[in-house]
Amino acid sequence: MLYANLAWAQTAPVQEGAGGGGGDTSSTGYQAKTAVTDPGVGTSQSANYLYDHGTLWFDDEPEGVSPEPTPTPTGGGGSGSSSGSGWIERLFGENPQIGGVSPEADVSFTDTPEVTSVIAEYPQASFSAVKYVDAPAAVSRALENPQFAPQIIRLMDEKGVARELNIVLFKRIMPWPLWIALAIIILGVGAITGFVIMRGSKDYLLWIGGVLILTGVVTGIVVRFTYRAVPINPTVITSIGVVPVSEANATVKKLMTDLPIGVHVVEATDSFGKKALTVKVFITPALPI
(Lines give C-alpha, C1' and ligand atoms only; values in the text may rest on other atoms or scores of the structure.)
Protein backbone atom coordinates (compact mmCIF):
# COMPACT_ATOMS: atom_id res chain seq x y z
CA MET A 1 0.00 0.00 0.00
CA LEU A 2 2.91 2.32 0.55
CA TYR A 3 5.55 3.34 -1.91
CA ALA A 4 8.91 1.58 -1.24
CA ASN A 5 10.82 4.83 -0.71
CA LEU A 6 8.74 5.52 2.37
CA ALA A 7 10.45 2.68 4.26
CA TRP A 8 13.83 2.73 2.54
CA ALA A 9 15.68 4.54 5.37
CA GLN A 10 14.50 1.95 7.90
CA THR A 11 15.38 -1.10 5.85
CA ALA A 12 18.76 -0.04 4.47
CA PRO A 13 21.28 -2.06 6.55
CA VAL A 14 24.40 -0.15 5.53
CA GLN A 15 25.09 3.44 4.71
CA GLU A 16 27.16 3.32 1.57
CA GLY A 17 27.57 7.04 1.21
CA ALA A 18 26.35 10.49 2.15
CA GLY A 19 23.79 12.37 0.17
CA GLY A 20 20.10 12.88 -0.27
CA GLY A 21 17.26 11.18 -2.00
CA GLY A 22 13.53 11.07 -2.04
CA GLY A 23 10.38 10.70 -4.03
CA ASP A 24 6.65 11.21 -4.17
CA THR A 25 3.85 8.67 -4.10
CA SER A 26 0.10 8.98 -4.11
CA SER A 27 -3.11 6.99 -4.22
CA THR A 28 -6.77 7.82 -4.08
CA GLY A 29 -7.22 10.34 -1.26
CA TYR A 30 -3.59 10.03 -0.16
CA GLN A 31 -0.21 11.47 -1.11
CA ALA A 32 3.22 11.02 0.46
CA LYS A 33 6.50 12.90 0.08
CA THR A 34 9.70 11.13 1.19
CA ALA A 35 13.18 12.50 1.77
CA VAL A 36 16.49 11.14 3.04
CA THR A 37 19.27 13.26 4.69
CA ASP A 38 17.08 16.36 5.04
CA PRO A 39 16.13 17.02 8.67
CA GLY A 40 12.38 17.20 9.16
CA VAL A 41 11.56 17.96 5.50
CA GLY A 42 8.43 17.01 3.60
CA THR A 43 4.97 15.88 4.71
CA SER A 44 2.63 12.97 4.11
CA GLN A 45 -1.04 13.87 4.35
CA SER A 46 -4.58 12.80 3.62
CA ALA A 47 -7.99 14.19 4.49
CA ASN A 48 -7.58 13.27 8.17
CA TYR A 49 -3.82 12.60 8.42
CA LEU A 50 -0.63 14.69 8.40
CA TYR A 51 2.91 13.27 8.85
CA ASP A 52 5.98 15.49 8.78
CA HIS A 53 9.08 13.37 8.33
CA GLY A 54 12.68 13.18 7.21
CA THR A 55 15.78 11.09 7.79
CA LEU A 56 19.26 12.46 8.28
CA TRP A 57 22.54 10.61 7.76
CA PHE A 58 25.84 12.31 8.57
CA ASP A 59 29.39 11.88 7.44
CA ASP A 60 31.93 11.07 10.14
CA GLU A 61 32.30 14.03 12.49
CA PRO A 62 35.72 15.73 12.47
CA GLU A 63 37.89 15.24 15.48
CA GLY A 64 37.56 17.97 18.08
CA VAL A 65 40.28 20.56 18.30
CA SER A 66 42.02 20.35 21.65
CA PRO A 67 42.02 23.64 23.59
CA GLU A 68 45.19 25.62 23.88
CA PRO A 69 47.14 24.93 27.06
CA THR A 70 46.61 27.40 29.88
CA PRO A 71 49.62 29.72 30.07
CA THR A 72 51.78 29.46 33.16
CA PRO A 73 51.24 32.43 35.48
CA THR A 74 54.21 34.74 35.78
CA GLY A 75 55.15 36.91 38.70
CA GLY A 76 58.04 38.74 40.21
CA GLY A 77 59.68 38.77 43.58
CA GLY A 78 60.85 35.18 43.41
CA SER A 79 57.41 33.76 44.14
CA GLY A 80 58.37 30.43 42.61
CA SER A 81 61.22 29.78 44.99
CA SER A 82 61.33 28.87 48.65
CA SER A 83 63.86 28.78 51.42
CA GLY A 84 64.30 27.30 54.84
CA SER A 85 62.82 30.42 56.45
CA GLY A 86 59.47 29.97 54.70
CA TRP A 87 57.88 28.41 57.77
CA ILE A 88 58.80 31.53 59.75
CA GLU A 89 56.99 33.73 57.21
CA ARG A 90 53.93 31.48 57.38
CA LEU A 91 54.08 31.61 61.18
CA PHE A 92 53.95 35.39 61.39
CA GLY A 93 51.81 35.89 58.28
CA GLU A 94 54.07 38.34 56.46
CA ASN A 95 56.14 38.21 53.30
CA PRO A 96 58.80 40.93 53.16
CA GLN A 97 59.41 40.27 49.48
CA ILE A 98 55.85 41.13 48.52
CA GLY A 99 54.83 43.85 50.94
CA GLY A 100 51.51 45.58 50.39
CA VAL A 101 51.32 45.83 46.61
CA SER A 102 53.19 44.00 43.89
CA PRO A 103 55.76 46.26 42.17
CA GLU A 104 54.47 45.08 38.77
CA ALA A 105 51.18 46.87 39.44
CA ASP A 106 52.72 50.33 39.78
CA VAL A 107 51.96 52.88 37.04
CA SER A 108 52.98 56.47 36.47
CA PHE A 109 50.73 59.07 38.08
CA THR A 110 50.04 62.75 38.66
CA ASP A 111 48.65 63.86 42.02
CA THR A 112 45.90 66.43 42.37
CA PRO A 113 46.20 69.05 45.15
CA GLU A 114 43.56 67.14 47.16
CA VAL A 115 45.60 63.92 47.00
CA THR A 116 48.77 65.74 47.95
CA SER A 117 47.14 67.29 51.02
CA VAL A 118 45.92 63.91 52.26
CA ILE A 119 49.04 61.80 51.74
CA ALA A 120 51.38 64.50 53.07
CA GLU A 121 50.34 63.54 56.61
CA TYR A 122 51.59 59.94 56.24
CA PRO A 123 55.29 60.01 55.27
CA GLN A 124 55.88 56.54 56.78
CA ALA A 125 53.19 54.87 54.68
CA SER A 126 53.78 52.41 51.84
CA PHE A 127 52.72 53.97 48.53
CA SER A 128 51.79 52.52 45.14
CA ALA A 129 49.70 53.48 42.11
CA VAL A 130 47.46 51.26 39.97
CA LYS A 131 44.80 51.60 37.32
CA TYR A 132 41.15 51.35 38.32
CA VAL A 133 40.82 47.85 36.84
CA ASP A 134 43.76 46.63 38.93
CA ALA A 135 42.53 48.16 42.19
CA PRO A 136 40.63 45.07 43.52
CA ALA A 137 43.69 42.84 43.08
CA ALA A 138 45.97 45.45 44.68
CA VAL A 139 43.68 45.84 47.70
CA SER A 140 43.33 42.06 48.13
CA ARG A 141 47.10 41.69 47.97
CA ALA A 142 47.51 44.40 50.60
CA LEU A 143 44.92 42.79 52.89
CA GLU A 144 46.73 39.46 52.66
CA ASN A 145 50.09 40.98 53.67
CA PRO A 146 49.79 42.93 56.94
CA GLN A 147 52.15 45.84 57.52
CA PHE A 148 52.61 48.11 60.52
CA ALA A 149 52.58 51.25 58.33
CA PRO A 150 49.49 52.27 56.32
CA GLN A 151 49.38 51.04 52.73
CA ILE A 152 48.15 53.80 50.43
CA ILE A 153 47.16 52.91 46.87
CA ARG A 154 46.52 55.61 44.28
CA LEU A 155 43.84 54.83 41.68
CA MET A 156 44.57 56.43 38.33
CA ASP A 157 42.10 57.47 35.62
CA GLU A 158 42.72 57.07 31.88
CA LYS A 159 44.80 60.28 31.91
CA GLY A 160 47.10 59.10 34.69
CA VAL A 161 45.69 61.43 37.34
CA ALA A 162 45.04 60.12 40.85
CA ARG A 163 41.30 60.37 41.51
CA GLU A 164 40.92 57.98 44.43
CA LEU A 165 42.95 56.77 47.39
CA ASN A 166 42.66 53.34 48.98
CA ILE A 167 44.19 53.11 52.46
CA VAL A 168 44.66 49.64 53.97
CA LEU A 169 45.02 49.43 57.76
CA PHE A 170 45.11 46.56 60.25
CA LYS A 171 43.54 46.44 63.68
CA ARG A 172 45.46 44.09 65.95
CA ILE A 173 43.08 41.81 67.82
CA MET A 174 43.80 39.46 70.71
CA PRO A 175 41.74 36.23 70.71
CA TRP A 176 40.95 34.76 74.13
CA PRO A 177 43.26 31.71 73.72
CA LEU A 178 46.20 34.09 73.36
CA TRP A 179 45.12 35.89 76.52
CA ILE A 180 45.22 32.54 78.34
CA ALA A 181 48.70 31.83 76.97
CA LEU A 182 49.86 35.29 78.09
CA ALA A 183 48.40 34.74 81.57
CA ILE A 184 50.23 31.41 81.91
CA ILE A 185 53.52 33.06 80.92
CA ILE A 186 52.96 35.84 83.49
CA LEU A 187 52.32 33.23 86.21
CA GLY A 188 55.55 31.52 85.23
CA VAL A 189 57.48 34.77 85.45
CA GLY A 190 55.91 35.38 88.86
CA ALA A 191 57.01 31.94 90.11
CA ILE A 192 60.60 32.56 88.97
CA THR A 193 60.52 36.01 90.59
CA GLY A 194 59.44 34.39 93.86
CA PHE A 195 62.30 31.92 93.55
CA VAL A 196 64.76 34.81 93.17
CA ILE A 197 63.26 36.77 96.10
CA MET A 198 63.57 33.73 98.33
CA ARG A 199 67.20 33.37 97.22
CA GLY A 200 66.71 29.90 95.87
CA SER A 201 65.28 28.39 99.03
CA LYS A 202 62.23 27.10 97.17
CA ASP A 203 63.55 25.07 94.24
CA TYR A 204 60.10 23.96 93.18
CA LEU A 205 59.22 27.56 92.25
CA LEU A 206 61.91 27.49 89.58
CA TRP A 207 60.51 24.30 88.09
CA ILE A 208 56.92 25.57 88.23
CA GLY A 209 57.92 28.86 86.60
CA GLY A 210 59.81 27.12 83.81
CA VAL A 211 56.94 24.72 83.08
CA LEU A 212 54.40 27.56 83.05
CA ILE A 213 56.45 29.71 80.68
CA LEU A 214 57.05 26.78 78.33
CA THR A 215 53.35 25.89 78.41
CA GLY A 216 52.36 29.47 77.63
CA VAL A 217 54.78 29.74 74.71
CA VAL A 218 53.66 26.42 73.20
CA THR A 219 50.01 27.41 73.62
CA GLY A 220 50.64 30.71 71.85
CA ILE A 221 52.33 28.97 68.91
CA VAL A 222 49.50 26.44 68.59
CA VAL A 223 46.90 29.21 68.67
CA ARG A 224 48.80 31.16 66.02
CA PHE A 225 48.77 28.17 63.67
CA THR A 226 45.12 27.24 64.28
CA TYR A 227 43.48 30.65 64.67
CA ARG A 228 43.03 32.93 61.68
CA ALA A 229 41.64 36.45 61.77
CA VAL A 230 39.00 36.52 59.03
CA PRO A 231 39.73 39.49 56.72
CA ILE A 232 36.97 41.89 55.77
CA ASN A 233 35.04 41.71 52.52
CA PRO A 234 36.45 44.64 50.51
CA THR A 235 33.23 44.93 48.46
CA VAL A 236 30.94 45.56 51.45
CA ILE A 237 30.76 49.24 52.47
CA THR A 238 30.46 49.85 56.21
CA SER A 239 30.07 53.64 56.22
CA ILE A 240 29.96 56.54 53.75
CA GLY A 241 30.68 60.17 54.62
CA VAL A 242 30.62 63.32 52.50
CA VAL A 243 32.86 66.13 53.76
CA PRO A 244 34.53 69.23 52.33
CA VAL A 245 38.05 68.82 51.02
CA SER A 246 39.38 70.79 53.98
CA GLU A 247 37.95 68.20 56.41
CA ALA A 248 38.90 65.06 54.49
CA ASN A 249 42.28 64.73 56.18
CA ALA A 250 40.80 65.04 59.68
CA THR A 251 38.11 62.45 58.86
CA VAL A 252 40.68 59.96 57.60
CA LYS A 253 42.86 60.56 60.67
CA LYS A 254 39.90 59.81 62.95
CA LEU A 255 39.30 56.52 61.16
CA MET A 256 42.96 55.62 61.53
CA THR A 257 42.78 56.37 65.27
CA ASP A 258 39.49 54.65 66.09
CA LEU A 259 40.09 51.73 63.67
CA PRO A 260 36.48 50.62 63.19
CA ILE A 261 36.68 47.33 61.27
CA GLY A 262 35.19 47.49 57.77
CA VAL A 263 35.32 49.56 54.58
CA HIS A 264 34.76 53.28 55.10
CA VAL A 265 34.27 55.70 52.18
CA VAL A 266 35.01 59.41 52.49
CA GLU A 267 33.81 61.63 49.62
CA ALA A 268 35.62 64.98 49.56
CA THR A 269 33.80 67.77 47.72
CA ASP A 270 34.99 71.16 46.53
CA SER A 271 33.35 74.54 47.20
CA PHE A 272 30.76 73.88 44.44
CA GLY A 273 29.72 70.52 45.93
CA LYS A 274 31.41 68.53 43.19
CA LYS A 275 33.31 65.41 44.16
CA ALA A 276 37.03 66.15 44.16
CA LEU A 277 38.45 63.00 45.76
CA THR A 278 37.31 59.62 47.07
CA VAL A 279 39.15 57.96 49.94
CA LYS A 280 38.41 54.36 50.86
CA VAL A 281 39.80 53.14 54.17
CA PHE A 282 40.00 49.35 54.54
CA ILE A 283 40.41 48.29 58.19
CA THR A 284 40.76 44.54 58.68
CA PRO A 285 41.58 42.48 61.79
CA ALA A 286 44.99 40.88 62.27
CA LEU A 287 46.65 38.85 65.00
CA PRO A 288 49.30 40.54 67.17
CA ILE A 289 51.93 37.96 66.15
# chains A, B, ... in the order shown; residues from 1 in each chain; ligands from 1
>>> residues_around(residues="Val161 in chain A", least_positions_apart="5", cutoff="8 Å", atoms="only C-alpha atoms", output="short mmCIF file (atom, residue, chain, number, x, y, z; two decimals) with all heavy atoms, in the first residue's frame")
data_model
loop_
_atom_site.label_atom_id
_atom_site.label_comp_id
_atom_site.auth_asym_id
_atom_site.auth_seq_id
_atom_site.Cartn_x
_atom_site.Cartn_y
_atom_site.Cartn_z
N PHE A 109 51.88 58.35 37.58
CA PHE A 109 50.73 59.07 38.08
C PHE A 109 51.05 60.54 38.23
O PHE A 109 52.21 60.96 38.24
CB PHE A 109 50.28 58.51 39.44
CG PHE A 109 51.34 58.61 40.51
CD1 PHE A 109 51.44 59.74 41.30
CD2 PHE A 109 52.25 57.58 40.69
CE1 PHE A 109 52.41 59.83 42.28
CE2 PHE A 109 53.21 57.66 41.68
CZ PHE A 109 53.30 58.79 42.47
N THR A 110 49.97 61.32 38.36
CA THR A 110 50.04 62.75 38.66
C THR A 110 49.04 63.02 39.78
O THR A 110 47.86 62.70 39.65
CB THR A 110 49.70 63.60 37.43
OG1 THR A 110 50.61 63.29 36.37
CG2 THR A 110 49.78 65.09 37.77
N ASP A 111 49.52 63.60 40.88
CA ASP A 111 48.65 63.86 42.02
C ASP A 111 47.91 65.18 41.85
O ASP A 111 48.47 66.17 41.35
CB ASP A 111 49.45 63.90 43.32
CG ASP A 111 49.85 62.53 43.80
OD1 ASP A 111 49.18 61.56 43.42
OD2 ASP A 111 50.85 62.41 44.54
N THR A 112 46.66 65.18 42.28
CA THR A 112 45.90 66.43 42.37
C THR A 112 46.24 67.11 43.70
O THR A 112 46.78 66.48 44.62
CB THR A 112 44.40 66.14 42.30
OG1 THR A 112 44.03 65.31 43.41
CG2 THR A 112 44.05 65.43 41.00
N MET A 156 44.36 55.49 39.40
CA MET A 156 44.57 56.43 38.33
C MET A 156 43.45 56.33 37.29
O MET A 156 42.94 55.24 37.01
CB MET A 156 45.92 56.18 37.63
CG MET A 156 47.04 55.75 38.57
SD MET A 156 47.25 56.83 39.98
CE MET A 156 47.59 58.36 39.15
#
>>> residues_around(residues="Val279 in chain A", least_positions_apart="2", cutoff="12 Å", atoms="only C-alpha atoms", output="number ranges by chain")
A: 114-115, 118-119, 152-155, 162-168, 239-243, 245, 248-249, 251-253, 255, 263-269, 275-277, 281-282
>>> closest_residue(among="A:Ser246, A:Ser26, A:Thr238, A:Thr278", to="Ile261 in chain A", atoms="only C-alpha atoms")
A:Thr238
>>> residues_around(residues="range 219-229 of chain A", least_positions_apart="3", cutoff="7 Å", atoms="only C-alpha atoms", output="count of residues only")
9
>>> closest_residue(among="A:Ile197, A:Val217, A:Ala137, A:Leu169", to="Gln151 in chain A", atoms="only C-alpha atoms")
A:Leu169
>>> decode(residues="range 170-182 of chain A", atoms="all heavy atoms", output="short mmCIF file (atom, residue, chain, number, x, y, z; two decimals), in the first residue's frame")
data_model
loop_
_atom_site.label_atom_id
_atom_site.label_comp_id
_atom_site.auth_asym_id
_atom_site.auth_seq_id
_atom_site.Cartn_x
_atom_site.Cartn_y
_atom_site.Cartn_z
N PHE A 170 45.37 47.78 59.50
CA PHE A 170 45.11 46.56 60.25
C PHE A 170 44.88 46.89 61.71
O PHE A 170 45.62 47.67 62.31
CB PHE A 170 46.28 45.58 60.12
CG PHE A 170 46.43 45.00 58.74
CD1 PHE A 170 47.16 45.66 57.78
CD2 PHE A 170 45.81 43.82 58.43
CE1 PHE A 170 47.30 45.14 56.50
CE2 PHE A 170 45.93 43.28 57.16
CZ PHE A 170 46.67 43.94 56.20
N LYS A 171 43.83 46.31 62.25
CA LYS A 171 43.54 46.44 63.68
C LYS A 171 43.97 45.15 64.37
O LYS A 171 43.43 44.08 64.10
CB LYS A 171 42.06 46.69 63.91
CG LYS A 171 41.72 46.92 65.38
CD LYS A 171 40.26 47.29 65.55
CE LYS A 171 39.96 47.61 67.01
NZ LYS A 171 38.54 48.02 67.20
N ARG A 172 44.96 45.27 65.25
CA ARG A 172 45.46 44.09 65.95
C ARG A 172 44.44 43.63 66.99
O ARG A 172 44.01 44.40 67.82
CB ARG A 172 46.79 44.41 66.63
CG ARG A 172 47.88 44.88 65.66
CD ARG A 172 48.31 43.77 64.75
NE ARG A 172 49.26 44.24 63.74
CZ ARG A 172 49.84 43.44 62.84
NH1 ARG A 172 49.56 42.16 62.83
NH2 ARG A 172 50.70 43.94 61.97
N ILE A 173 44.05 42.38 66.88
CA ILE A 173 43.08 41.81 67.82
C ILE A 173 43.75 40.69 68.61
O ILE A 173 44.70 40.06 68.14
CB ILE A 173 41.84 41.29 67.10
CG1 ILE A 173 42.21 40.18 66.11
CG2 ILE A 173 41.09 42.42 66.41
CD1 ILE A 173 41.01 39.52 65.48
N MET A 174 43.23 40.46 69.81
CA MET A 174 43.80 39.46 70.71
C MET A 174 42.72 38.42 71.03
O MET A 174 41.84 38.67 71.86
CB MET A 174 44.29 40.13 71.99
CG MET A 174 45.12 39.23 72.88
SD MET A 174 46.80 39.03 72.25
CE MET A 174 47.59 38.28 73.70
N PRO A 175 42.73 37.26 70.39
CA PRO A 175 41.74 36.23 70.71
C PRO A 175 41.96 35.69 72.12
O PRO A 175 43.08 35.71 72.65
CB PRO A 175 41.98 35.16 69.65
CG PRO A 175 43.38 35.36 69.21
CD PRO A 175 43.65 36.83 69.32
N TRP A 176 40.87 35.19 72.73
CA TRP A 176 40.95 34.76 74.13
C TRP A 176 41.97 33.65 74.37
O TRP A 176 42.59 33.61 75.44
CB TRP A 176 39.57 34.37 74.65
CG TRP A 176 38.95 33.19 73.96
CD1 TRP A 176 38.12 33.19 72.89
CD2 TRP A 176 39.13 31.82 74.33
NE1 TRP A 176 37.75 31.92 72.55
CE2 TRP A 176 38.36 31.05 73.43
CE3 TRP A 176 39.85 31.17 75.33
CZ2 TRP A 176 38.30 29.65 73.49
CZ3 TRP A 176 39.79 29.77 75.40
CH2 TRP A 176 39.02 29.03 74.49
N PRO A 177 42.21 32.70 73.44
CA PRO A 177 43.26 31.71 73.72
C PRO A 177 44.65 32.33 73.90
O PRO A 177 45.46 31.85 74.70
CB PRO A 177 43.21 30.78 72.50
CG PRO A 177 41.84 30.92 71.96
CD PRO A 177 41.51 32.37 72.17
N LEU A 178 44.91 33.43 73.18
CA LEU A 178 46.20 34.09 73.36
C LEU A 178 46.26 34.80 74.71
O LEU A 178 47.34 34.88 75.32
CB LEU A 178 46.43 35.09 72.22
CG LEU A 178 46.88 34.50 70.88
CD1 LEU A 178 47.09 35.60 69.86
CD2 LEU A 178 48.15 33.68 71.04
N TRP A 179 45.13 35.31 75.19
CA TRP A 179 45.12 35.89 76.52
C TRP A 179 45.45 34.83 77.58
O TRP A 179 46.17 35.10 78.54
CB TRP A 179 43.75 36.51 76.82
CG TRP A 179 43.52 37.84 76.17
CD1 TRP A 179 42.62 38.13 75.19
CD2 TRP A 179 44.20 39.06 76.45
NE1 TRP A 179 42.69 39.45 74.82
CE2 TRP A 179 43.66 40.05 75.60
CE3 TRP A 179 45.21 39.43 77.34
CZ2 TRP A 179 44.09 41.37 75.60
CZ3 TRP A 179 45.64 40.74 77.34
CH2 TRP A 179 45.10 41.70 76.48
N ILE A 180 44.92 33.62 77.40
CA ILE A 180 45.22 32.54 78.34
C ILE A 180 46.71 32.20 78.30
O ILE A 180 47.36 32.02 79.35
CB ILE A 180 44.37 31.30 78.02
CG1 ILE A 180 42.88 31.60 78.29
CG2 ILE A 180 44.82 30.09 78.83
CD1 ILE A 180 41.96 30.47 77.92
N ALA A 181 47.27 32.12 77.09
CA ALA A 181 48.70 31.83 76.97
C ALA A 181 49.53 32.92 77.64
O ALA A 181 50.53 32.62 78.33
CB ALA A 181 49.08 31.70 75.49
N LEU A 182 49.13 34.19 77.46
CA LEU A 182 49.86 35.29 78.09
C LEU A 182 49.76 35.21 79.62
O LEU A 182 50.75 35.45 80.33
CB LEU A 182 49.32 36.62 77.59
CG LEU A 182 49.97 37.89 78.16
CD1 LEU A 182 51.45 37.91 77.82
CD2 LEU A 182 49.28 39.14 77.62
#
